[in-house]
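Everything on this sheet refers to the single structure shown next.
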Amino acid sequence: MRYKVLTVDDSKTVRIIVKKAFKGYDCEIIEAANGVEGLAAASKETPDLILLDITMPVMDGVEMLTKLKSDPALKGIPVIMLTAEGGRDNVLKIAKIGVRDYIVKPFKEEVLVEKCGRIIDLKPLTEGPQKAKSIFDPATLLVVEDKPAIIQQIQEGLKHTPWKIHGVNTTGEGIDFCSKNTPDLIIISLSLPEEAAFTLFRLIRQNVKTKYTPIFALVVKTEAAAQAQAQQVGFSYIITKPIEISEMESKIAKAMNLDTSQRYFAVDGDVFVMRLPENCSQSVVGEVTNYLKPKVAGAVDSGIVKAVIDLHELKSLNMAVIKLLIQAMQTCKDLALQFTLVGNPQIVSECKGFEDTRTWTFHDSIADAKASFSRSAQPAGAA
Amino acid sequence: MPTIDQISESVFRETINRAVQDVFKTMLGKTASLADSTGALANADGSPWAHPVHISGQHVVGTVGFIGDISGLIYLYLEDKFANDVASHMLGMTLAEIDEAGHEVVNDAVGELTNMTVGTFKNQLADKGFPCKLTIPSILRGSNFSIEPVSSATRRIYRFQVGEHHIVADLLMKSGE
């Protein structure tokens, strides 16, 4: 939902500053230069929030507020006074007419957005190219953990990704980081002293900039009570220690809604290639399975008729991987795609040991596999 | 009712100093430091003012009044070039865009800066027991002009340094009727 904010101020400068402050958020700013224009705009547009100055020509803010509150159709619109008129008595008098908040000029744009964000559910706009879209785009991850060794372990484990992992030891440093940056994902250790992790979680959720940032909890596997509490307050995911880095990486990608398909699927010349990584964990199998049909269909739709299933990096087989491979081959058959397999000696040997896979034939490299298509028009994978 | 005479010179100096510093820091991220002041320049005899501001060159001057238990006007003098910088910063526009937009945009920005400064000044006085309300800002542009207040007013002039620029706050006040 796109919120409407009405700014009523005789100063064009203030109206521009308000527009600038909300530029990164999904909301529309409507402008009025005095109380009369403000009332007309409020009736016409029914804004979700009004920012109202006091000292204005034609009709001042106090008169507009009084009229607004006496109109049954408009009185429910929340109003924040944004004015240089302060002073305790003045503020109390206006508060009695019914305002939701009061901001005295001079003001910082962040304070304005933060206070408005308490009244309307402001959502940051998707930031286009800066926002990570695929697994190969840079992103900023914040890890709040009082044990430096864990931060180091995460940084080391994810160093092959384009993500920048920023580690801090205390909640204070975490808040400070979030006030200057907007991380794409935050990982908080539940072992921080005195339930600090839950306090930090609430503060991050209250901040308009980080309201929708995925937050992971980091906790020892056996600490069931802390895990239950984290689930209850709304942590996006729980990572247990000892950390399984590849699983964490998959969950991070999923939470950030990243397209990871390029890791497993590519087009090489006129051949569609499906590649399985060295460690094919359950979560990797899940990811590949989700992408499989649309990716193969997309390749066929673009005119490709040949596919290579590349297992040369794969360390070992398990039932989940075998099922995935059978599904991949069936999908190719269903779409009349010629396909062949590439494997390493270990995989070739393991395939001989299973009834379902013992007849599979492999090539040593992609180049060999591609060359085989020109020698045979028949599917080569399943003999 | 309290009168203006009950406010000491140091309170005026501290109040305007805090107002200017607060506004420049919050809105422009700049530090303003009080360079010198000419306090309590009475003009009881009504004689014409020799211009005490000592400024030259093109200036943009914002003025906002306040009316109540104390009434007065504060003039904020900004060098023409600095006024453009202020507008550029407040509006998030480049100096070229400001030039293209013209005087109206700069005037509005300086008016709002003055409004905030005078508001912060008078809100502090209101909390000290001198309630008053703001008036709508207006702008003067020019060079070598002097302002001659009415005879019952007191005048105080404070000069601030903001980076390589200076600004002048000219306070004209009298007790409310």
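Chain labels follow the order of the structure tokens: the first chain is A, the next B, and so on; residue numbering restarts at 1 in every chain, and ligands are counted from 1 in their shown order.
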
Please report as JSON lines every residue of region 82-152 of chain B lying within 12 Å of region 19-43 of chain A, along with the nearest atom pair and their distance in Å (one decimal), using only C-alpha atoms.
{"residue": "B:His89", "atom": "CA", "partner": "A:Lys20", "partner_atom": "CA", "distance": 11.8}
{"residue": "B:Met90", "atom": "CA", "partner": "A:Lys20", "partner_atom": "CA", "distance": 9.9}
{"residue": "B:Leu91", "atom": "CA", "partner": "A:Lys20", "partner_atom": "CA", "distance": 8.0}
{"residue": "B:Gly92", "atom": "CA", "partner": "A:Lys20", "partner_atom": "CA", "distance": 7.9}
{"residue": "B:Met93", "atom": "CA", "partner": "A:Lys20", "partner_atom": "CA", "distance": 10.7}
{"residue": "B:Ile136", "atom": "CA", "partner": "A:Asn34", "partner_atom": "CA", "distance": 11.9}

In region 44-162 of chain B, what's helix (DSSP H, G or I) per DSSP? Answer as a ChimeraX atom specification? /B:80-91,95-101,103-127

Between CA of Ala253 (chain A) and CA of Ile215 (chain A), what is the distance, to one decimal in Å? 12.6 Å

Using only C-alpha atoms, which chain A residues lie at most 8 Å away from chain B, written as a PyMOL selection string? chain A and resi 11-14+16-17+20+55-57+84-88+105-108

Based on the selection just made, write N, CA, C and O atoms of those residues as a short mmCIF file (atom, residue, chain, number, x, y, z; two decimals), in the first residue's frame.
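New file again37.cif:
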data_model
loop_
_atom_site.label_atom_id
_atom_site.label_comp_id
_atom_site.auth_asym_id
_atom_site.auth_seq_id
_atom_site.Cartn_x
_atom_site.Cartn_y
_atom_site.Cartn_z
N SER A 11 6.58 27.33 3.76
CA SER A 11 7.94 27.33 3.23
C SER A 11 8.12 26.19 2.24
O SER A 11 7.97 25.01 2.57
N LYS A 12 8.45 26.60 1.00
CA LYS A 12 8.72 25.59 -0.04
C LYS A 12 9.93 24.75 0.37
O LYS A 12 10.01 23.56 0.09
N THR A 13 10.86 25.41 1.06
CA THR A 13 12.07 24.72 1.51
C THR A 13 11.71 23.52 2.40
O THR A 13 12.22 22.42 2.21
N VAL A 14 10.82 23.75 3.35
CA VAL A 14 10.43 22.65 4.25
C VAL A 14 9.72 21.56 3.46
O VAL A 14 9.98 20.36 3.67
N ILE A 16 10.19 20.77 0.39
CA ILE A 16 11.21 20.03 -0.37
C ILE A 16 12.00 19.09 0.56
O ILE A 16 12.26 17.94 0.21
N ILE A 17 12.32 19.58 1.77
CA ILE A 17 13.07 18.73 2.71
C ILE A 17 12.23 17.50 3.08
O ILE A 17 12.74 16.38 3.15
N LYS A 20 12.32 15.11 0.22
CA LYS A 20 13.65 14.50 0.18
C LYS A 20 13.76 13.40 1.25
O LYS A 20 14.30 12.33 0.99
N THR A 55 2.85 28.60 11.95
CA THR A 55 2.83 29.99 11.47
C THR A 55 2.76 30.01 9.94
O THR A 55 3.75 29.73 9.27
N MET A 56 1.56 30.30 9.44
CA MET A 56 1.37 30.34 7.99
C MET A 56 0.39 31.46 7.66
O MET A 56 -0.48 31.78 8.49
N PRO A 57 0.50 32.05 6.48
CA PRO A 57 -0.48 33.07 6.09
C PRO A 57 -1.82 32.42 5.73
O PRO A 57 -1.90 31.20 5.60
N ALA A 84 8.45 25.62 14.08
CA ALA A 84 9.47 26.29 14.90
C ALA A 84 8.84 26.78 16.20
O ALA A 84 9.54 27.23 17.10
N GLU A 85 7.51 26.75 16.29
CA GLU A 85 6.81 27.18 17.50
C GLU A 85 6.92 26.08 18.55
O GLU A 85 6.24 25.06 18.47
N GLY A 86 7.78 26.29 19.51
CA GLY A 86 7.91 25.31 20.59
C GLY A 86 7.54 25.97 21.91
O GLY A 86 6.63 26.77 21.96
N GLY A 87 8.26 25.65 22.93
CA GLY A 87 7.93 26.20 24.25
C GLY A 87 6.90 25.29 24.91
O GLY A 87 5.93 24.88 24.25
N ARG A 88 7.11 25.00 26.17
CA ARG A 88 6.26 24.01 26.86
C ARG A 88 4.77 24.33 26.77
O ARG A 88 3.95 23.49 26.41
N LYS A 105 11.24 22.47 14.81
CA LYS A 105 12.33 22.82 13.89
C LYS A 105 13.42 23.52 14.70
O LYS A 105 13.07 24.29 15.60
N PRO A 106 14.70 23.32 14.39
CA PRO A 106 15.25 22.53 13.29
C PRO A 106 15.12 21.03 13.55
O PRO A 106 15.05 20.61 14.72
N PHE A 107 15.07 20.28 12.47
CA PHE A 107 14.87 18.84 12.62
C PHE A 107 15.77 18.09 11.64
O PHE A 107 16.14 18.63 10.60
N LYS A 108 16.09 16.86 12.00
CA LYS A 108 16.86 16.01 11.10
C LYS A 108 15.87 15.15 10.31
O LYS A 108 14.87 14.71 10.86
#

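Distances to Phe198 (chain A) were evaluated for A:Gly167, A:Pro138, A:Gly234, A:Gly286 using only C-alpha atoms, and the minimum falls at A:Gly234.
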
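Minimum atom-to-atom distance to Ile74 (chain B), evaluated using only C-alpha atoms, belongs to B:Thr114 out of B:Thr94, B:Ser56, B:Ser88, B:Thr114.
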
Figure out the distance between CA of Tyr212 (chain A) and CA of Gln155 (chain A), please, to one decimal in Å.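 These two atoms are separated by 23.5 Å.
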
Among region 55-292 of chain A, which residues does DSSP mark as strand (DSSP E or B) when it is run on the backbone? Keep the chain and numbering as in the structure and answer as number ranges by chain. A: 79-83, 101-104, 124, 134, 139-144, 163-168, 185-189, 215-220, 237-241, 259, 265-268, 271-275

Fewer than 4 positions away in the same chain doesn't count, so skip those; otherwise give me all residues within 9 Å of Leu218 (chain A), counting only C-alpha atoms, as a PDB file with N, CA and C atoms, in the first residue's frame.
ATOM      1  N   GLU A 145      27.980 -10.372  17.725  1.00  0.00           N
ATOM      2  CA  GLU A 145      28.381 -11.578  18.461  1.00  0.00           C
ATOM      3  C   GLU A 145      29.541 -11.217  19.386  1.00  0.00           C
ATOM      4  N   ILE A 187      22.733 -10.779  11.746  1.00  0.00           N
ATOM      5  CA  ILE A 187      22.812 -12.017  12.531  1.00  0.00           C
ATOM      6  C   ILE A 187      23.136 -11.611  13.972  1.00  0.00           C
ATOM      7  N   ILE A 188      22.290 -12.022  14.907  1.00  0.00           N
ATOM      8  CA  ILE A 188      22.510 -11.646  16.311  1.00  0.00           C
ATOM      9  C   ILE A 188      22.693 -12.910  17.150  1.00  0.00           C
ATOM     10  N   SER A 189      23.734 -12.901  17.962  1.00  0.00           N
ATOM     11  CA  SER A 189      23.960 -14.038  18.856  1.00  0.00           C
ATOM     12  C   SER A 189      23.037 -13.935  20.067  1.00  0.00           C
ATOM     13  N   LEU A 190      22.359 -15.015  20.366  1.00  0.00           N
ATOM     14  CA  LEU A 190      21.471 -15.017  21.536  1.00  0.00           C
ATOM     15  C   LEU A 190      22.260 -15.149  22.838  1.00  0.00           C
ATOM     16  N   SER A 191      23.569 -15.353  22.728  1.00  0.00           N
ATOM     17  CA  SER A 191      24.372 -15.482  23.945  1.00  0.00           C
ATOM     18  C   SER A 191      24.849 -14.136  24.474  1.00  0.00           C
ATOM     19  N   GLN A 227      15.919 -20.676  21.651  1.00  0.00           N
ATOM     20  CA  GLN A 227      15.433 -20.831  20.276  1.00  0.00           C
ATOM     21  C   GLN A 227      13.926 -20.578  20.199  1.00  0.00           C
ATOM     22  N   TYR A 237      15.211 -16.502  11.040  1.00  0.00           N
ATOM     23  CA  TYR A 237      15.726 -17.866  10.979  1.00  0.00           C
ATOM     24  C   TYR A 237      16.684 -18.088  12.149  1.00  0.00           C
ATOM     25  N   ILE A 238      16.821 -19.330  12.574  1.00  0.00           N
ATOM     26  CA  ILE A 238      17.739 -19.643  13.670  1.00  0.00           C
ATOM     27  C   ILE A 238      18.884 -20.491  13.129  1.00  0.00           C
ATOM     28  N   ILE A 239      20.099 -19.995  13.315  1.00  0.00           N
ATOM     29  CA  ILE A 239      21.298 -20.728  12.918  1.00  0.00           C
ATOM     30  C   ILE A 239      21.888 -21.328  14.185  1.00  0.00           C
ATOM     31  N   THR A 240      22.129 -22.618  14.165  1.00  0.00           N
ATOM     32  CA  THR A 240      22.677 -23.240  15.383  1.00  0.00           C
ATOM     33  C   THR A 240      24.191 -23.418  15.279  1.00  0.00           C
ATOM     34  N   LYS A 241      24.811 -23.316  16.472  1.00  0.00           N
ATOM     35  CA  LYS A 241      26.254 -23.556  16.583  1.00  0.00           C
ATOM     36  C   LYS A 241      26.458 -25.015  16.972  1.00  0.00           C
ATOM     37  N   ILE A 243      28.272 -23.874  13.493  1.00  0.00           N
ATOM     38  CA  ILE A 243      27.619 -23.363  12.285  1.00  0.00           C
ATOM     39  C   ILE A 243      27.942 -24.222  11.069  1.00  0.00           C
TER      40      ILE A 243
END

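Within 12 Å of Glu350 (chain A), once only C-alpha atoms are used and residues closer than 3 positions along the same chain are dropped, the contacting residues are Leu314, Lys315, Ser316, Leu317, Asn318, Met319, Ile322, Gly343, Asn344, Pro345, Gln346, Ile347, Gly353, Phe354, Glu355, Asp356, Thr357, Arg358, Thr359 and Trp360 of chain A.
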
Store the residues picked out above, limited to N, CA and C atoms, as a PDB file, in the first residue's frame.
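So selection_15.pdb came out as:
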ATOM      1  N   LEU A 314      31.150 -32.664  -7.912  1.00  0.00           N
ATOM      2  CA  LEU A 314      30.424 -33.356  -6.837  1.00  0.00           C
ATOM      3  C   LEU A 314      31.312 -34.396  -6.147  1.00  0.00           C
ATOM      4  N   LYS A 315      31.330 -34.360  -4.810  1.00  0.00           N
ATOM      5  CA  LYS A 315      32.215 -35.268  -4.062  1.00  0.00           C
ATOM      6  C   LYS A 315      31.622 -36.654  -3.898  1.00  0.00           C
ATOM      7  N   SER A 316      30.318 -36.702  -3.568  1.00  0.00           N
ATOM      8  CA  SER A 316      29.715 -38.035  -3.398  1.00  0.00           C
ATOM      9  C   SER A 316      28.216 -37.992  -3.629  1.00  0.00           C
ATOM     10  N   LEU A 317      27.656 -39.159  -3.859  1.00  0.00           N
ATOM     11  CA  LEU A 317      26.216 -39.276  -4.132  1.00  0.00           C
ATOM     12  C   LEU A 317      25.465 -39.562  -2.838  1.00  0.00           C
ATOM     13  N   ASN A 318      24.218 -39.194  -2.801  1.00  0.00           N
ATOM     14  CA  ASN A 318      23.318 -39.677  -1.750  1.00  0.00           C
ATOM     15  C   ASN A 318      21.944 -39.795  -2.392  1.00  0.00           C
ATOM     16  N   MET A 319      20.980 -40.309  -1.662  1.00  0.00           N
ATOM     17  CA  MET A 319      19.672 -40.582  -2.273  1.00  0.00           C
ATOM     18  C   MET A 319      18.998 -39.298  -2.775  1.00  0.00           C
ATOM     19  N   ILE A 322      20.556 -38.385  -6.057  1.00  0.00           N
ATOM     20  CA  ILE A 322      20.128 -39.324  -7.114  1.00  0.00           C
ATOM     21  C   ILE A 322      18.701 -38.994  -7.579  1.00  0.00           C
ATOM     22  N   GLY A 343      31.097 -36.489 -15.303  1.00  0.00           N
ATOM     23  CA  GLY A 343      31.371 -36.896 -13.925  1.00  0.00           C
ATOM     24  C   GLY A 343      32.849 -37.074 -13.651  1.00  0.00           C
ATOM     25  N   ASN A 344      33.178 -37.278 -12.388  1.00  0.00           N
ATOM     26  CA  ASN A 344      34.560 -37.571 -12.012  1.00  0.00           C
ATOM     27  C   ASN A 344      34.645 -39.061 -11.638  1.00  0.00           C
ATOM     28  N   PRO A 345      35.843 -39.613 -11.511  1.00  0.00           N
ATOM     29  CA  PRO A 345      35.978 -41.065 -11.248  1.00  0.00           C
ATOM     30  C   PRO A 345      35.195 -41.519 -10.008  1.00  0.00           C
ATOM     31  N   GLN A 346      35.205 -40.707  -8.962  1.00  0.00           N
ATOM     32  CA  GLN A 346      34.501 -41.073  -7.730  1.00  0.00           C
ATOM     33  C   GLN A 346      32.999 -41.244  -7.981  1.00  0.00           C
ATOM     34  N   ILE A 347      32.413 -40.294  -8.688  1.00  0.00           N
ATOM     35  CA  ILE A 347      30.970 -40.346  -8.947  1.00  0.00           C
ATOM     36  C   ILE A 347      30.637 -41.495  -9.892  1.00  0.00           C
ATOM     37  N   GLY A 353      27.297 -48.609  -8.100  1.00  0.00           N
ATOM     38  CA  GLY A 353      26.817 -49.318  -6.914  1.00  0.00           C
ATOM     39  C   GLY A 353      25.321 -49.238  -6.687  1.00  0.00           C
ATOM     40  N   PHE A 354      24.617 -48.415  -7.424  1.00  0.00           N
ATOM     41  CA  PHE A 354      23.161 -48.291  -7.228  1.00  0.00           C
ATOM     42  C   PHE A 354      22.422 -48.841  -8.444  1.00  0.00           C
ATOM     43  N   GLU A 355      21.317 -49.512  -8.170  1.00  0.00           N
ATOM     44  CA  GLU A 355      20.527 -50.103  -9.241  1.00  0.00           C
ATOM     45  C   GLU A 355      20.044 -49.030 -10.237  1.00  0.00           C
ATOM     46  N   ASP A 356      19.596 -47.883  -9.664  1.00  0.00           N
ATOM     47  CA  ASP A 356      19.021 -46.834 -10.515  1.00  0.00           C
ATOM     48  C   ASP A 356      20.068 -46.124 -11.367  1.00  0.00           C
ATOM     49  N   THR A 357      21.327 -46.174 -10.943  1.00  0.00           N
ATOM     50  CA  THR A 357      22.326 -45.339 -11.622  1.00  0.00           C
ATOM     51  C   THR A 357      23.413 -46.131 -12.345  1.00  0.00           C
ATOM     52  N   ARG A 358      23.386 -47.428 -12.176  1.00  0.00           N
ATOM     53  CA  ARG A 358      24.527 -48.211 -12.677  1.00  0.00           C
ATOM     54  C   ARG A 358      24.653 -48.176 -14.200  1.00  0.00           C
ATOM     55  N   THR A 359      23.574 -47.860 -14.920  1.00  0.00           N
ATOM     56  CA  THR A 359      23.665 -47.821 -16.389  1.00  0.00           C
ATOM     57  C   THR A 359      24.023 -46.435 -16.933  1.00  0.00           C
ATOM     58  N   TRP A 360      24.169 -45.469 -16.056  1.00  0.00           N
ATOM     59  CA  TRP A 360      24.469 -44.106 -16.529  1.00  0.00           C
ATOM     60  C   TRP A 360      25.874 -44.053 -17.121  1.00  0.00           C
TER      61      TRP A 360
END

For Leu74 (chain A), which residue out of A:Ile50, A:Leu337, A:Met274, A:Ile252 is the nearest one, using only C-alpha atoms?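 Once distances to Leu74 (chain A) are computed over only C-alpha atoms, the minimum belongs to A:Ile50.
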
If you measure from CA of Asp9 (chain A) to CA of Leu52 (chain A), what distance in Å do you get, rounded to one decimal?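 These atoms are spaced 6.5 Å apart.
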
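When only C-alpha atoms are used to compute distances to Leu112 (chain A), the closest of the residues A:Val284, A:Val168, A:Val18, A:Ala255 turns out to be A:Val18.
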
Looking at A:Thr83, A:Thr46, A:Thr289, A:Gln231, which one is nearest to Val62 (chain A), with distances taken over only C-alpha atoms?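 Of A:Thr83, A:Thr46, A:Thr289, A:Gln231, the one nearest Val62 (chain A), counting only C-alpha atoms, is A:Thr83.
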
Which one of A:Thr340, A:Ser349, A:Asn181, A:Thr331 sits closest to Ala367 (chain A) if you count only C-alpha atoms?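 Among A:Thr340, A:Ser349, A:Asn181, A:Thr331, it is A:Thr340 that comes nearest to Ala367 (chain A).
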